[in-house]
>>> print(open('query_0.pdb').read())   # PDB, C-alpha atoms
ATOM      1  CA  MET A   1       3.395 -27.081  20.239
ATOM      2  CA  VAL A   2       0.824 -24.843  21.933
ATOM      3  CA  SER A   3       2.093 -23.162  25.108
ATOM      4  CA  PRO A   4       0.778 -24.686  28.362
ATOM      5  CA  TYR A   5      -0.201 -21.159  29.405
ATOM      6  CA  VAL A   6      -2.912 -20.793  26.733
ATOM      7  CA  GLY A   7      -5.979 -22.665  25.559
ATOM      8  CA  HIS A   8      -6.428 -22.110  21.831
ATOM      9  CA  GLU A   9      -3.311 -21.161  19.860
ATOM     10  CA  SER A  10      -5.017 -17.923  18.730
ATOM     11  CA  GLN A  11      -5.276 -16.647  22.316
ATOM     12  CA  VAL A  12      -2.176 -14.486  21.872
ATOM     13  CA  SER A  13      -1.511 -14.321  18.142
ATOM     14  CA  GLY A  14      -2.772 -15.694  14.866
ATOM     15  CA  VAL A  15      -5.163 -15.160  11.973
ATOM     16  CA  GLU A  16      -8.958 -15.114  12.042
ATOM     17  CA  GLU A  17     -11.236 -14.941   9.005
ATOM     18  CA  HIS A  18     -14.308 -12.704   9.221
ATOM     19  CA  ARG A  19     -17.072 -11.748   6.797
ATOM     20  CA  LEU A  20     -18.778  -8.383   6.579
ATOM     21  CA  VAL A  21     -22.556  -8.189   6.806
ATOM     22  CA  GLY A  22     -24.571  -5.383   5.218
ATOM     23  CA  GLY A  23     -23.763  -2.348   3.103
ATOM     24  CA  LYS A  24     -21.536  -2.272   0.054
ATOM     25  CA  GLY A  25     -19.034  -4.547   1.756
ATOM     26  CA  ASP A  26     -21.548  -7.333   2.368
ATOM     27  CA  GLY A  27     -19.911 -10.754   2.188
ATOM     28  CA  MET A  28     -16.320  -9.544   1.888
ATOM     29  CA  ARG A  29     -13.685 -11.831   3.410
ATOM     30  CA  LEU A  30     -11.351 -10.210   5.927
ATOM     31  CA  PHE A  31      -8.357 -11.816   7.637
ATOM     32  CA  LEU A  32      -7.414 -10.268  10.989
ATOM     33  CA  VAL A  33      -3.719 -10.799  11.740
ATOM     34  CA  ARG A  34      -2.348 -10.295  15.284
ATOM     35  CA  ASN A  35       1.255 -10.790  16.348
ATOM     36  CA  GLY A  36       0.610 -10.638  20.115
ATOM     37  CA  LYS A  37       2.989  -7.711  20.592
ATOM     38  CA  GLY A  38       0.699  -4.867  19.613
ATOM     39  CA  LEU A  39       0.675  -5.119  15.812
ATOM     40  CA  GLU A  40      -2.681  -5.882  14.189
ATOM     41  CA  PHE A  41      -3.820  -5.546  10.589
ATOM     42  CA  THR A  42      -6.648  -6.677   8.332
ATOM     43  CA  VAL A  43      -6.139  -8.266   4.923
ATOM     44  CA  SER A  44      -9.034  -7.800   2.504
ATOM     45  CA  ALA A  45      -9.030 -11.023   0.485
ATOM     46  CA  ASP A  46     -11.654  -9.781  -1.961
ATOM     47  CA  ARG A  47      -9.685  -6.625  -2.706
ATOM     48  CA  CYS A  48      -6.325  -7.943  -3.951
ATOM     49  CA  ALA A  49      -5.365  -9.150  -0.453
ATOM     50  CA  ASP A  50      -4.575  -5.544   0.417
ATOM     51  CA  ILE A  51      -4.218  -4.282   3.993
ATOM     52  CA  SER A  52      -7.398  -2.378   4.793
ATOM     53  CA  ARG A  53      -6.607  -1.561   8.428
ATOM     54  CA  LEU A  54      -3.417  -1.256  10.486
ATOM     55  CA  SER A  55      -3.083  -0.570  14.197
ATOM     56  CA  PHE A  56      -0.248  -0.623  16.703
ATOM     57  CA  ARG A  57      -0.611  -0.772  20.479
ATOM     58  CA  GLY A  58      -4.336  -0.220  20.070
ATOM     59  CA  LEU A  59      -4.039   2.944  17.974
ATOM     60  CA  ASN A  60      -5.019   3.321  14.326
ATOM     61  CA  MET A  61      -2.185   4.020  11.883
ATOM     62  CA  SER A  62      -3.912   4.174   8.488
ATOM     63  CA  HIS A  63      -6.642   6.079   6.662
ATOM     64  CA  PHE A  64     -10.090   4.619   6.014
ATOM     65  CA  ALA A  65     -12.029   6.503   3.344
ATOM     66  CA  ALA A  66     -15.581   7.788   3.617
ATOM     67  CA  CYS A  67     -16.854   5.070   1.241
ATOM     68  CA  GLY A  68     -15.766   2.363   3.690
ATOM     69  CA  TYR A  69     -15.554  -1.221   2.532
ATOM     70  CA  VAL A  70     -16.779  -1.686  -1.048
ATOM     71  CA  ALA A  71     -17.072  -5.142  -2.598
ATOM     72  CA  PRO A  72     -15.611  -5.730  -6.093
ATOM     73  CA  ALA A  73     -19.117  -6.004  -7.575
ATOM     74  CA  TYR A  74     -19.512  -2.237  -7.138
ATOM     75  CA  TYR A  75     -16.245  -1.358  -8.891
ATOM     76  CA  ASP A  76     -16.595   1.245 -11.632
ATOM     77  CA  GLY A  77     -13.697   0.674 -14.013
ATOM     78  CA  VAL A  78     -14.345   3.724 -16.192
ATOM     79  CA  GLU A  79     -12.013   6.733 -15.972
ATOM     80  CA  ASN A  80     -11.933   7.898 -12.305
ATOM     81  CA  GLY A  81     -14.597   5.454 -11.104
ATOM     82  CA  PHE A  82     -11.886   3.851  -8.949
ATOM     83  CA  LEU A  83     -12.446   6.619  -6.388
ATOM     84  CA  LYS A  84     -15.984   5.398  -5.632
ATOM     85  CA  SER A  85     -14.551   2.241  -4.077
ATOM     86  CA  PHE A  86     -11.146   3.538  -2.954
ATOM     87  CA  THR A  87     -11.231   2.362   0.661
ATOM     88  CA  VAL A  88      -7.611   3.576   0.903
ATOM     89  CA  GLY A  89      -6.694   1.530   3.995
ATOM     90  CA  PHE A  90      -3.035   1.031   4.820
ATOM     91  CA  LEU A  91      -2.263  -0.582   1.457
ATOM     92  CA  THR A  92      -4.073  -0.322  -1.836
ATOM     93  CA  THR A  93      -2.235  -1.998  -4.706
ATOM     94  CA  CYS A  94      -2.352   0.004  -7.927
ATOM     95  CA  GLY A  95      -1.693  -1.860 -11.188
ATOM     96  CA  LEU A  96      -1.059  -4.261 -12.733
ATOM     97  CA  ASN A  97      -2.050  -3.146 -16.204
ATOM     98  CA  ALA A  98      -1.937   0.542 -15.311
ATOM     99  CA  VAL A  99      -0.999   2.989 -12.571
ATOM    100  CA  GLY A 100      -1.964   6.630 -12.330
ATOM    101  CA  VAL A 101      -4.254   8.850 -14.340
ATOM    102  CA  PRO A 102      -6.568   7.437 -17.041
ATOM    103  CA  CYS A 103      -4.866   7.345 -20.425
ATOM    104  CA  ASP A 104      -4.682   5.708 -23.841
ATOM    105  CA  ASP A 105      -1.703   3.450 -24.443
ATOM    106  CA  ALA A 106      -1.008   0.773 -27.064
ATOM    107  CA  GLY A 107      -4.640   0.690 -28.144
ATOM    108  CA  GLU A 108      -6.058   0.378 -24.631
ATOM    109  CA  ARG A 109      -8.113   2.867 -22.642
ATOM    110  CA  LEU A 110      -6.785   2.515 -19.112
ATOM    111  CA  PRO A 111      -8.669   3.613 -15.966
ATOM    112  CA  LEU A 112      -7.305   5.332 -12.883
ATOM    113  CA  HIS A 113      -4.802   3.112 -11.040
ATOM    114  CA  GLY A 114      -5.636  -0.066 -12.950
ATOM    115  CA  THR A 115      -7.954  -2.863 -11.915
ATOM    116  CA  VAL A 116      -6.004  -5.231  -9.665
ATOM    117  CA  GLY A 117      -7.026  -3.484  -6.436
ATOM    118  CA  ASN A 118     -10.624  -4.530  -7.070
ATOM    119  CA  ILE A 119      -9.927  -8.152  -7.986
ATOM    120  CA  PRO A 120     -10.631 -10.871  -5.380
ATOM    121  CA  ALA A 121      -7.876 -13.335  -4.586
ATOM    122  CA  GLU A 122      -8.371 -16.737  -6.225
ATOM    123  CA  GLN A 123      -6.734 -18.497  -3.283
ATOM    124  CA  VAL A 124      -5.873 -17.383   0.249
ATOM    125  CA  TRP A 125      -4.117 -19.447   2.913
ATOM    126  CA  TRP A 126      -1.877 -18.803   5.891
ATOM    127  CA  GLU A 127       0.744 -20.517   7.980
ATOM    128  CA  LYS A 128       2.386 -19.831  11.313
ATOM    129  CA  ASP A 129       5.663 -20.974  12.802
ATOM    130  CA  GLY A 130       7.617 -19.834  15.833
ATOM    131  CA  LYS A 131       8.931 -16.718  14.110
ATOM    132  CA  GLU A 132       6.236 -15.331  11.828
ATOM    133  CA  ILE A 133       2.800 -15.549  10.302
ATOM    134  CA  ARG A 134       2.666 -15.742   6.507
ATOM    135  CA  LEU A 135      -0.518 -15.096   4.570
ATOM    136  CA  HIS A 136      -0.470 -16.084   0.897
ATOM    137  CA  ALA A 137      -2.785 -15.004  -1.904
ATOM    138  CA  VAL A 138      -3.031 -15.554  -5.654
ATOM    139  CA  ILE A 139      -4.564 -12.773  -7.756
ATOM    140  CA  LYS A 140      -5.267 -13.003 -11.497
ATOM    141  CA  ASP A 141      -5.416  -9.758 -13.475
ATOM    142  CA  GLN A 142      -6.450 -11.386 -16.748
ATOM    143  CA  ALA A 143      -9.030 -11.077 -19.530
ATOM    144  CA  LEU A 144     -10.073 -12.792 -22.761
ATOM    145  CA  GLY A 145      -8.048 -11.520 -25.695
ATOM    146  CA  ALA A 146      -6.066  -9.228 -23.409
ATOM    147  CA  HIS A 147      -3.358  -9.238 -20.754
ATOM    148  CA  LYS A 148      -2.838 -12.242 -18.482
ATOM    149  CA  LEU A 149      -0.894 -11.214 -15.401
ATOM    150  CA  LEU A 150      -0.638 -13.363 -12.282
ATOM    151  CA  MET A 151       0.387 -12.007  -8.878
ATOM    152  CA  LYS A 152       1.460 -14.258  -6.025
ATOM    153  CA  ARG A 153       1.441 -12.265  -2.781
ATOM    154  CA  THR A 154       2.915 -13.052   0.610
ATOM    155  CA  ILE A 155       2.298 -10.857   3.639
ATOM    156  CA  GLY A 156       4.589 -11.787   6.510
ATOM    157  CA  CYS A 157       4.135 -10.649  10.098
ATOM    158  CA  SER A 158       6.888 -11.133  12.662
ATOM    159  CA  LEU A 159       6.038 -12.771  15.995
ATOM    160  CA  GLU A 160       9.285 -11.509  17.502
ATOM    161  CA  GLU A 161       9.101  -7.805  16.662
ATOM    162  CA  ASN A 162       6.501  -5.361  15.401
ATOM    163  CA  SER A 163       7.082  -5.545  11.672
ATOM    164  CA  LEU A 164       5.524  -6.888   8.502
ATOM    165  CA  TYR A 165       6.450  -7.241   4.852
ATOM    166  CA  VAL A 166       4.695  -7.515   1.515
ATOM    167  CA  GLU A 167       6.336  -9.577  -1.223
ATOM    168  CA  ASP A 168       4.815  -9.949  -4.675
ATOM    169  CA  VAL A 169       5.805 -12.016  -7.684
ATOM    170  CA  ILE A 170       4.165 -10.845 -10.919
ATOM    171  CA  GLU A 171       4.234 -13.202 -13.902
ATOM    172  CA  ASN A 172       3.113 -12.740 -17.484
ATOM    173  CA  GLU A 173       1.053 -15.861 -18.229
ATOM    174  CA  GLY A 174       0.085 -14.587 -21.672
ATOM    175  CA  ASP A 175       1.657 -15.323 -25.047
ATOM    176  CA  THR A 176       2.713 -11.743 -25.831
ATOM    177  CA  GLU A 177       4.790  -9.191 -23.984
ATOM    178  CA  TYR A 178       2.888  -6.868 -21.670
ATOM    179  CA  PRO A 179       3.630  -4.054 -19.187
ATOM    180  CA  ALA A 180       3.605  -4.783 -15.458
ATOM    181  CA  MET A 181       3.042  -1.729 -13.293
ATOM    182  CA  ILE A 182       2.756  -1.591  -9.516
ATOM    183  CA  LEU A 183       2.491   1.134  -6.927
ATOM    184  CA  TYR A 184       2.237   0.314  -3.229
ATOM    185  CA  HIS A 185      -0.244   2.992  -2.181
ATOM    186  CA  MET A 186       0.528   3.026   1.583
ATOM    187  CA  ASN A 187      -1.599   5.489   3.497
ATOM    188  CA  MET A 188      -1.113   7.099   6.897
ATOM    189  CA  GLY A 189      -4.136   8.322   8.838
ATOM    190  CA  TYR A 190      -5.203   9.875  12.134
ATOM    191  CA  PRO A 191      -4.121   9.642  14.939
ATOM    192  CA  LEU A 192      -0.729   8.728  13.469
ATOM    193  CA  LEU A 193      -1.223  11.585  11.034
ATOM    194  CA  SER A 194      -1.821  15.092  12.343
ATOM    195  CA  GLU A 195      -0.206  18.515  12.150
ATOM    196  CA  LYS A 196       2.158  17.263  14.885
ATOM    197  CA  SER A 197       3.489  14.399  12.757
ATOM    198  CA  GLU A 198       7.169  14.330  11.828
ATOM    199  CA  VAL A 199       7.987  12.924   8.386
ATOM    200  CA  TYR A 200      11.429  11.642   7.397
ATOM    201  CA  ILE A 201      12.271  10.781   3.782
ATOM    202  CA  PRO A 202      16.059  10.888   3.165
ATOM    203  CA  SER A 203      15.775  11.306  -0.603
ATOM    204  CA  ILE A 204      18.467  12.925  -2.728
ATOM    205  CA  ASP A 205      15.998  14.803  -4.901
ATOM    206  CA  VAL A 206      12.388  15.984  -4.620
ATOM    207  CA  LYS A 207      10.279  17.124  -7.554
ATOM    208  CA  PRO A 208       6.733  18.502  -7.411
ATOM    209  CA  ARG A 209       4.158  16.807  -9.604
ATOM    210  CA  THR A 210       2.195  19.991 -10.324
ATOM    211  CA  GLU A 211       2.569  23.750 -10.122
ATOM    212  CA  HIS A 212       0.299  23.688  -7.090
ATOM    213  CA  ALA A 213       2.642  21.244  -5.352
ATOM    214  CA  ALA A 214       5.631  23.392  -6.334
ATOM    215  CA  GLU A 215       4.210  26.292  -4.335
ATOM    216  CA  ASP A 216       4.872  24.372  -1.100
ATOM    217  CA  ILE A 217       7.863  22.253  -2.034
ATOM    218  CA  ASP A 218       9.924  23.706   0.815
ATOM    219  CA  THR A 219       7.422  22.287   3.292
ATOM    220  CA  TRP A 220       6.720  18.916   1.686
ATOM    221  CA  MET A 221       7.552  17.273   5.037
ATOM    222  CA  LYS A 222       5.249  19.510   7.108
ATOM    223  CA  MET A 223       1.751  18.263   7.811
ATOM    224  CA  LEU A 224      -1.248  20.565   8.260
ATOM    225  CA  PRO A 225      -4.511  20.275  10.178
ATOM    226  CA  PRO A 226      -7.465  19.319   7.944
ATOM    227  CA  GLN A 227      -8.083  22.041   5.348
ATOM    228  CA  PRO A 228     -11.479  22.670   3.672
ATOM    229  CA  GLY A 229     -11.231  22.354  -0.107
ATOM    230  CA  PHE A 230      -7.608  21.183  -0.033
ATOM    231  CA  GLU A 231      -6.123  20.258  -3.424
ATOM    232  CA  GLU A 232      -3.791  17.275  -3.272
ATOM    233  CA  GLN A 233      -0.039  17.800  -3.560
ATOM    234  CA  CYS A 234       2.280  15.073  -4.826
ATOM    235  CA  TYR A 235       6.061  14.977  -4.645
ATOM    236  CA  PHE A 236       8.386  12.542  -6.413
ATOM    237  CA  HIS A 237      11.409  11.441  -4.353
ATOM    238  CA  SER A 238      14.607   9.837  -5.658
ATOM    239  CA  PHE A 239      17.043   7.682  -3.653
ATOM    240  CA  ASP A 240      20.640   6.721  -4.304
ATOM    241  CA  LYS A 241      20.736   3.755  -1.918
ATOM    242  CA  ASP A 242      18.231   2.314   0.539
ATOM    243  CA  GLY A 243      14.659   3.523   0.144
ATOM    244  CA  LEU A 244      13.139   4.777   3.389
ATOM    245  CA  ALA A 245      10.080   6.782   4.408
ATOM    246  CA  ALA A 246       9.008   7.177   8.014
ATOM    247  CA  ILE A 247       6.480   9.035  10.127
ATOM    248  CA  TYR A 248       6.196   9.606  13.881
ATOM    249  CA  ASN A 249       3.669  11.485  15.983
ATOM    250  CA  PRO A 250       4.826  12.625  19.442
ATOM    251  CA  ASP A 251       1.221  12.913  20.611
ATOM    252  CA  ILE A 252       0.900   9.115  20.500
ATOM    253  CA  ASP A 253       4.649   8.443  20.794
ATOM    254  CA  GLN A 254       4.720   6.006  17.915
ATOM    255  CA  GLY A 255       5.088   5.755  14.164
ATOM    256  CA  LEU A 256       6.238   3.492  11.369
ATOM    257  CA  ALA A 257       8.965   3.141   8.758
ATOM    258  CA  ILE A 258       8.670   1.838   5.199
ATOM    259  CA  ARG A 259      11.771   0.357   3.565
ATOM    260  CA  PHE A 260      12.232  -0.771  -0.027
ATOM    261  CA  ASP A 261      14.890  -1.351  -2.672
ATOM    262  CA  PRO A 262      15.020   1.604  -5.098
ATOM    263  CA  GLY A 263      16.785  -0.694  -7.546
ATOM    264  CA  SER A 264      13.558  -2.625  -8.144
ATOM    265  CA  LEU A 265      11.130   0.095  -7.010
ATOM    266  CA  PRO A 266      12.838   3.243  -8.341
ATOM    267  CA  TYR A 267       9.848   5.576  -8.052
ATOM    268  CA  PHE A 268       8.506   6.996  -4.799
ATOM    269  CA  THR A 269       5.464   9.238  -4.555
ATOM    270  CA  GLU A 270       4.473  11.303  -1.548
ATOM    271  CA  TRP A 271       0.735  11.999  -1.682
ATOM    272  CA  LYS A 272      -0.066  14.882   0.644
ATOM    273  CA  MET A 273      -3.833  15.135   1.032
ATOM    274  CA  MET A 274      -4.754  17.415   3.920
ATOM    275  CA  GLY A 275      -8.499  17.678   3.246
ATOM    276  CA  CYS A 276     -11.334  17.478   5.735
ATOM    277  CA  ARG A 277     -12.265  13.782   6.059
ATOM    278  CA  ASP A 278      -9.895  13.179   3.146
ATOM    279  CA  TYR A 279      -6.952  13.503   5.525
ATOM    280  CA  VAL A 280      -4.191  11.152   4.473
ATOM    281  CA  LEU A 281      -0.483  10.973   3.692
ATOM    282  CA  GLY A 282       0.478   8.446   1.032
ATOM    283  CA  LEU A 283       4.025   7.052   1.124
ATOM    284  CA  GLU A 284       4.163   5.055  -2.089
ATOM    285  CA  PRO A 285       7.051   3.028  -3.516
ATOM    286  CA  GLY A 286       6.518   1.704  -7.022
ATOM    287  CA  ASN A 287       8.093   0.651 -10.294
ATOM    288  CA  CYS A 288       6.446   3.665 -11.951
ATOM    289  CA  HIS A 289       5.049   7.134 -11.278
ATOM    290  CA  PRO A 290       1.288   7.899 -11.243
ATOM    291  CA  ASP A 291       1.164  10.006 -14.408
ATOM    292  CA  GLY A 292      -0.099   7.204 -16.625
ATOM    293  CA  ARG A 293       1.237   4.278 -18.620
ATOM    294  CA  ASP A 294       1.553   6.328 -21.780
ATOM    295  CA  ARG A 295       4.002   8.732 -20.124
ATOM    296  CA  MET A 296       5.952   5.907 -18.528
ATOM    297  CA  ARG A 297       6.325   4.303 -21.952
ATOM    298  CA  ALA A 298       7.361   7.593 -23.564
ATOM    299  CA  GLU A 299       9.970   8.130 -20.843
ATOM    300  CA  GLY A 300      11.393   4.635 -21.322
ATOM    301  CA  GLY A 301      10.682   3.560 -17.748
ATOM    302  CA  LEU A 302       7.968   0.982 -18.350
ATOM    303  CA  THR A 303       8.588  -2.557 -17.086
ATOM    304  CA  ILE A 304       7.738  -5.019 -19.877
ATOM    305  CA  LEU A 305       7.358  -8.727 -19.143
ATOM    306  CA  GLN A 306       7.912 -11.295 -21.872
ATOM    307  CA  PRO A 307       5.705 -14.425 -21.922
ATOM    308  CA  GLY A 308       6.591 -16.539 -18.895
ATOM    309  CA  GLU A 309       8.764 -13.805 -17.386
ATOM    310  CA  SER A 310       8.282 -12.724 -13.779
ATOM    311  CA  VAL A 311       9.484  -9.982 -11.451
ATOM    312  CA  ARG A 312       9.631  -9.815  -7.646
ATOM    313  CA  TYR A 313       9.004  -6.834  -5.355
ATOM    314  CA  HIS A 314       9.439  -6.512  -1.585
ATOM    315  CA  VAL A 315       8.454  -3.804   0.914
ATOM    316  CA  ASP A 316       9.145  -3.848   4.672
ATOM    317  CA  VAL A 317       7.115  -1.980   7.288
ATOM    318  CA  SER A 318       8.283  -1.655  10.894
ATOM    319  CA  MET A 319       6.525  -0.015  13.816
ATOM    320  CA  ILE A 320       8.220   2.689  15.862
ATOM    321  CA  ALA A 321       7.606   2.729  19.628
ATOM    322  CA  GLY A 322       8.919   5.854  21.316
ATOM    323  CA  ARG A 323      11.187   8.789  20.553
ATOM    324  CA  ASP A 324      14.391   6.764  20.904
ATOM    325  CA  GLN A 325      13.359   4.385  18.138
ATOM    326  CA  TRP A 326      12.325   7.330  15.986
ATOM    327  CA  ASN A 327      15.701   8.984  16.477
ATOM    328  CA  ALA A 328      17.422   5.739  15.509
ATOM    329  CA  VAL A 329      15.433   5.556  12.261
ATOM    330  CA  CYS A 330      16.366   9.154  11.471
ATOM    331  CA  GLY A 331      20.028   8.596  12.331
ATOM    332  CA  LYS A 332      19.964  10.913  15.325
ATOM    333  CA  SER A 333      21.980  10.209  18.451
TER     334      SER A 333
END
>>> encode(input="query_0.pdb", output="structure tokens")
Amino acid sequence: MVSPYVGHESQVSGVEEHRLVGGKGDGMRLFLVRNGKGLEFTVSADRCADISRLSFRGLNMSHFAACGYVAPAYYDGVENGFLKSFTVGFLTTCGLNAVGVPCDDAGERLPLHGTVGNIPAEQVWWEKDGKEIRLHAVIKDQALGAHKLLMKRTIGCSLEENSLYVEDVIENEGDTEYPAMILYHMNMGYPLLSEKSEVYIPSIDVKPRTEHAAEDIDTWMKMLPPQPGFEEQCYFHSFDKDGLAAIYNPDIDQGLAIRFDPGSLPYFTEWKMMGCRDYVLGLEPGNCHPDGRDRMRAEGGLTILQPGESVRYHVDVSMIAGRDQWNAVCGKS
């Protein structure tokens, strides 16, 4: 029942569908989700139902790349062409056939971060009850004579607290076994991200991805102001129990925490990119690292789905309002 205090049920919270007009994003379907308590985000239905924008209490929390919105028709699936349409946003899904650098594996030439992030959802619908909003999407990463992976996505948004979750079920609809790779490329941006930001990742081990990253491994948690010509630094974190990564900026007195099960998502990548206009911190749980499918296979860590087999992944995101909540996340009294 609609409250007697409001007219339309969307007055306080709900979902609205919009379409972009003009530019490379012309015609793209966007779903604006509002929980009525300060949490708002945009789901890009034509880009894997990823979360292109995230804000809390009126302040932006994610990065939005210089290319802006780019419709799937402009996707360049050769080598690093992914970057031409990498909107970044709060969530870009990498996979499902590949994650990480371009490589050759099992007779396939695989592009940067796979193709699913540039595939439109086949179906999108949403529902709302007294406790949460749930947006559902079905994405097919499939081709003739090749892999046939199906992803059923649910994005839930609480109406009682400032939190959301992403839950995906990936199924192999083909008749042969095939890898299923996923990396939740979650991206923090200004004003949440600045040199004042505090980052908390209670991992038991941290490894640099490159020699360049190794030079600053002691300060992996320290953010910098935008640096001209900055070369990205990636760090791989390991967890022995609950997966957690959080960020808080005292200048805006808010932040967010990402929680996941390292049993199902055993890899976590910190992407520290402190460049000018390319200023973003990626906090990225996944079932793989971003060094390519060939290396994952060689290391024995590749998830292989048999025909008809499926796997489920879940990531929680909660907003942090104030220093006291931040201290609670970090286990401080």
>>> resolve_selection(input="query_0.pdb", expression="the PyMOL selection byres ((chain A and resi 159) around 10)", output="PyMOL selection string")
chain A and resi 13-14+34-37+39+128-133+156-158+160-164
>>> write_last_selection(input="query_0.pdb", atoms="C-alpha atoms", output="short mmCIF file (atom, residue, chain, number, x, y, z; two decimals), keeping the file's coordinate frame")
data_model
loop_
_atom_site.label_atom_id
_atom_site.label_comp_id
_atom_site.auth_asym_id
_atom_site.auth_seq_id
_atom_site.Cartn_x
_atom_site.Cartn_y
_atom_site.Cartn_z
CA SER A 13 -1.51 -14.32 18.14
CA GLY A 14 -2.77 -15.69 14.87
CA ARG A 34 -2.35 -10.30 15.28
CA ASN A 35 1.25 -10.79 16.35
CA GLY A 36 0.61 -10.64 20.11
CA LYS A 37 2.99 -7.71 20.59
CA LEU A 39 0.68 -5.12 15.81
CA LYS A 128 2.39 -19.83 11.31
CA ASP A 129 5.66 -20.97 12.80
CA GLY A 130 7.62 -19.83 15.83
CA LYS A 131 8.93 -16.72 14.11
CA GLU A 132 6.24 -15.33 11.83
CA ILE A 133 2.80 -15.55 10.30
CA GLY A 156 4.59 -11.79 6.51
CA CYS A 157 4.14 -10.65 10.10
CA SER A 158 6.89 -11.13 12.66
CA GLU A 160 9.28 -11.51 17.50
CA GLU A 161 9.10 -7.80 16.66
CA ASN A 162 6.50 -5.36 15.40
CA SER A 163 7.08 -5.54 11.67
CA LEU A 164 5.52 -6.89 8.50
#
>>> residues_around(input="query_0.pdb", residues="region 240-246 of chain A", least_positions_apart="3", cutoff="12 Å", atoms="all atoms listed in the file", output="NGL selection string")
:A and (186-188 or 192-193 or 197-205 or 221 or 237 or 249 or 254-270 or 281-286 or 314-320 or 325-331)
>>> write_last_selection(input="query_0.pdb", atoms="C-alpha atoms", output="mmCIF file, in the coordinates of the input")
data_model
loop_
_atom_site.group_PDB
_atom_site.id
_atom_site.type_symbol
_atom_site.label_atom_id
_atom_site.label_comp_id
_atom_site.auth_asym_id
_atom_site.auth_seq_id
_atom_site.Cartn_x
_atom_site.Cartn_y
_atom_site.Cartn_z
ATOM 1 C CA MET A 186 0.528 3.026 1.583
ATOM 2 C CA ASN A 187 -1.599 5.489 3.497
ATOM 3 C CA MET A 188 -1.113 7.099 6.897
ATOM 4 C CA LEU A 192 -0.729 8.728 13.469
ATOM 5 C CA LEU A 193 -1.223 11.585 11.034
ATOM 6 C CA SER A 197 3.489 14.399 12.757
ATOM 7 C CA GLU A 198 7.169 14.330 11.828
ATOM 8 C CA VAL A 199 7.987 12.924 8.386
ATOM 9 C CA TYR A 200 11.429 11.642 7.397
ATOM 10 C CA ILE A 201 12.271 10.781 3.782
ATOM 11 C CA PRO A 202 16.059 10.888 3.165
ATOM 12 C CA SER A 203 15.775 11.306 -0.603
ATOM 13 C CA ILE A 204 18.467 12.925 -2.728
ATOM 14 C CA ASP A 205 15.998 14.803 -4.901
ATOM 15 C CA MET A 221 7.552 17.273 5.037
ATOM 16 C CA HIS A 237 11.409 11.441 -4.353
ATOM 17 C CA ASN A 249 3.669 11.485 15.983
ATOM 18 C CA GLN A 254 4.720 6.006 17.915
ATOM 19 C CA GLY A 255 5.088 5.755 14.164
ATOM 20 C CA LEU A 256 6.238 3.492 11.369
ATOM 21 C CA ALA A 257 8.965 3.141 8.758
ATOM 22 C CA ILE A 258 8.670 1.838 5.199
ATOM 23 C CA ARG A 259 11.771 0.357 3.565
ATOM 24 C CA PHE A 260 12.232 -0.771 -0.027
ATOM 25 C CA ASP A 261 14.890 -1.351 -2.672
ATOM 26 C CA PRO A 262 15.020 1.604 -5.098
ATOM 27 C CA GLY A 263 16.785 -0.694 -7.546
ATOM 28 C CA SER A 264 13.558 -2.625 -8.144
ATOM 29 C CA LEU A 265 11.130 0.095 -7.010
ATOM 30 C CA PRO A 266 12.838 3.243 -8.341
ATOM 31 C CA TYR A 267 9.848 5.576 -8.052
ATOM 32 C CA PHE A 268 8.506 6.996 -4.799
ATOM 33 C CA THR A 269 5.464 9.238 -4.555
ATOM 34 C CA GLU A 270 4.473 11.303 -1.548
ATOM 35 C CA LEU A 281 -0.483 10.973 3.692
ATOM 36 C CA GLY A 282 0.478 8.446 1.032
ATOM 37 C CA LEU A 283 4.025 7.052 1.124
ATOM 38 C CA GLU A 284 4.163 5.055 -2.089
ATOM 39 C CA PRO A 285 7.051 3.028 -3.516
ATOM 40 C CA GLY A 286 6.518 1.704 -7.022
ATOM 41 C CA HIS A 314 9.439 -6.512 -1.585
ATOM 42 C CA VAL A 315 8.454 -3.804 0.914
ATOM 43 C CA ASP A 316 9.145 -3.848 4.672
ATOM 44 C CA VAL A 317 7.115 -1.980 7.288
ATOM 45 C CA SER A 318 8.283 -1.655 10.894
ATOM 46 C CA MET A 319 6.525 -0.015 13.816
ATOM 47 C CA ILE A 320 8.220 2.689 15.862
ATOM 48 C CA GLN A 325 13.359 4.385 18.138
ATOM 49 C CA TRP A 326 12.325 7.330 15.986
ATOM 50 C CA ASN A 327 15.701 8.984 16.477
ATOM 51 C CA ALA A 328 17.422 5.739 15.509
ATOM 52 C CA VAL A 329 15.433 5.556 12.261
ATOM 53 C CA CYS A 330 16.366 9.154 11.471
ATOM 54 C CA GLY A 331 20.028 8.596 12.331
#
>>> residues_near_point(input="query_0.pdb", point="(-10.7, -8.0, -7.7)", cutoff="7 Å", atoms="only C-alpha atoms", output="list in words")
Asp46, Arg47, Cys48, Pro72, Val116, Gly117, Asn118, Ile119, Pro120 and Ala121 of chain A
>>> resolve_selection(input="query_0.pdb", expression="the PyMOL selection byres ((chain A and resi 167-172) around 8)", output="PyMOL selection string")
chain A and resi 148-155+165-166+173-174+177-178+180+305-315
>>> resolve_selection(input="query_0.pdb", expression="the PyMOL selection byres ((chain A and resi 228) around 7)", output="PDB file with C-alpha atoms, in the frame of the given file")
ATOM      1  CA  PRO A 226      -7.465  19.319   7.944  1.00  0.00           C
ATOM      2  CA  GLN A 227      -8.083  22.041   5.348  1.00  0.00           C
ATOM      3  CA  GLY A 229     -11.231  22.354  -0.107  1.00  0.00           C
ATOM      4  CA  PHE A 230      -7.608  21.183  -0.033  1.00  0.00           C
ATOM      5  CA  GLY A 275      -8.499  17.678   3.246  1.00  0.00           C
ATOM      6  CA  CYS A 276     -11.334  17.478   5.735  1.00  0.00           C
TER       7      CYS A 276
END
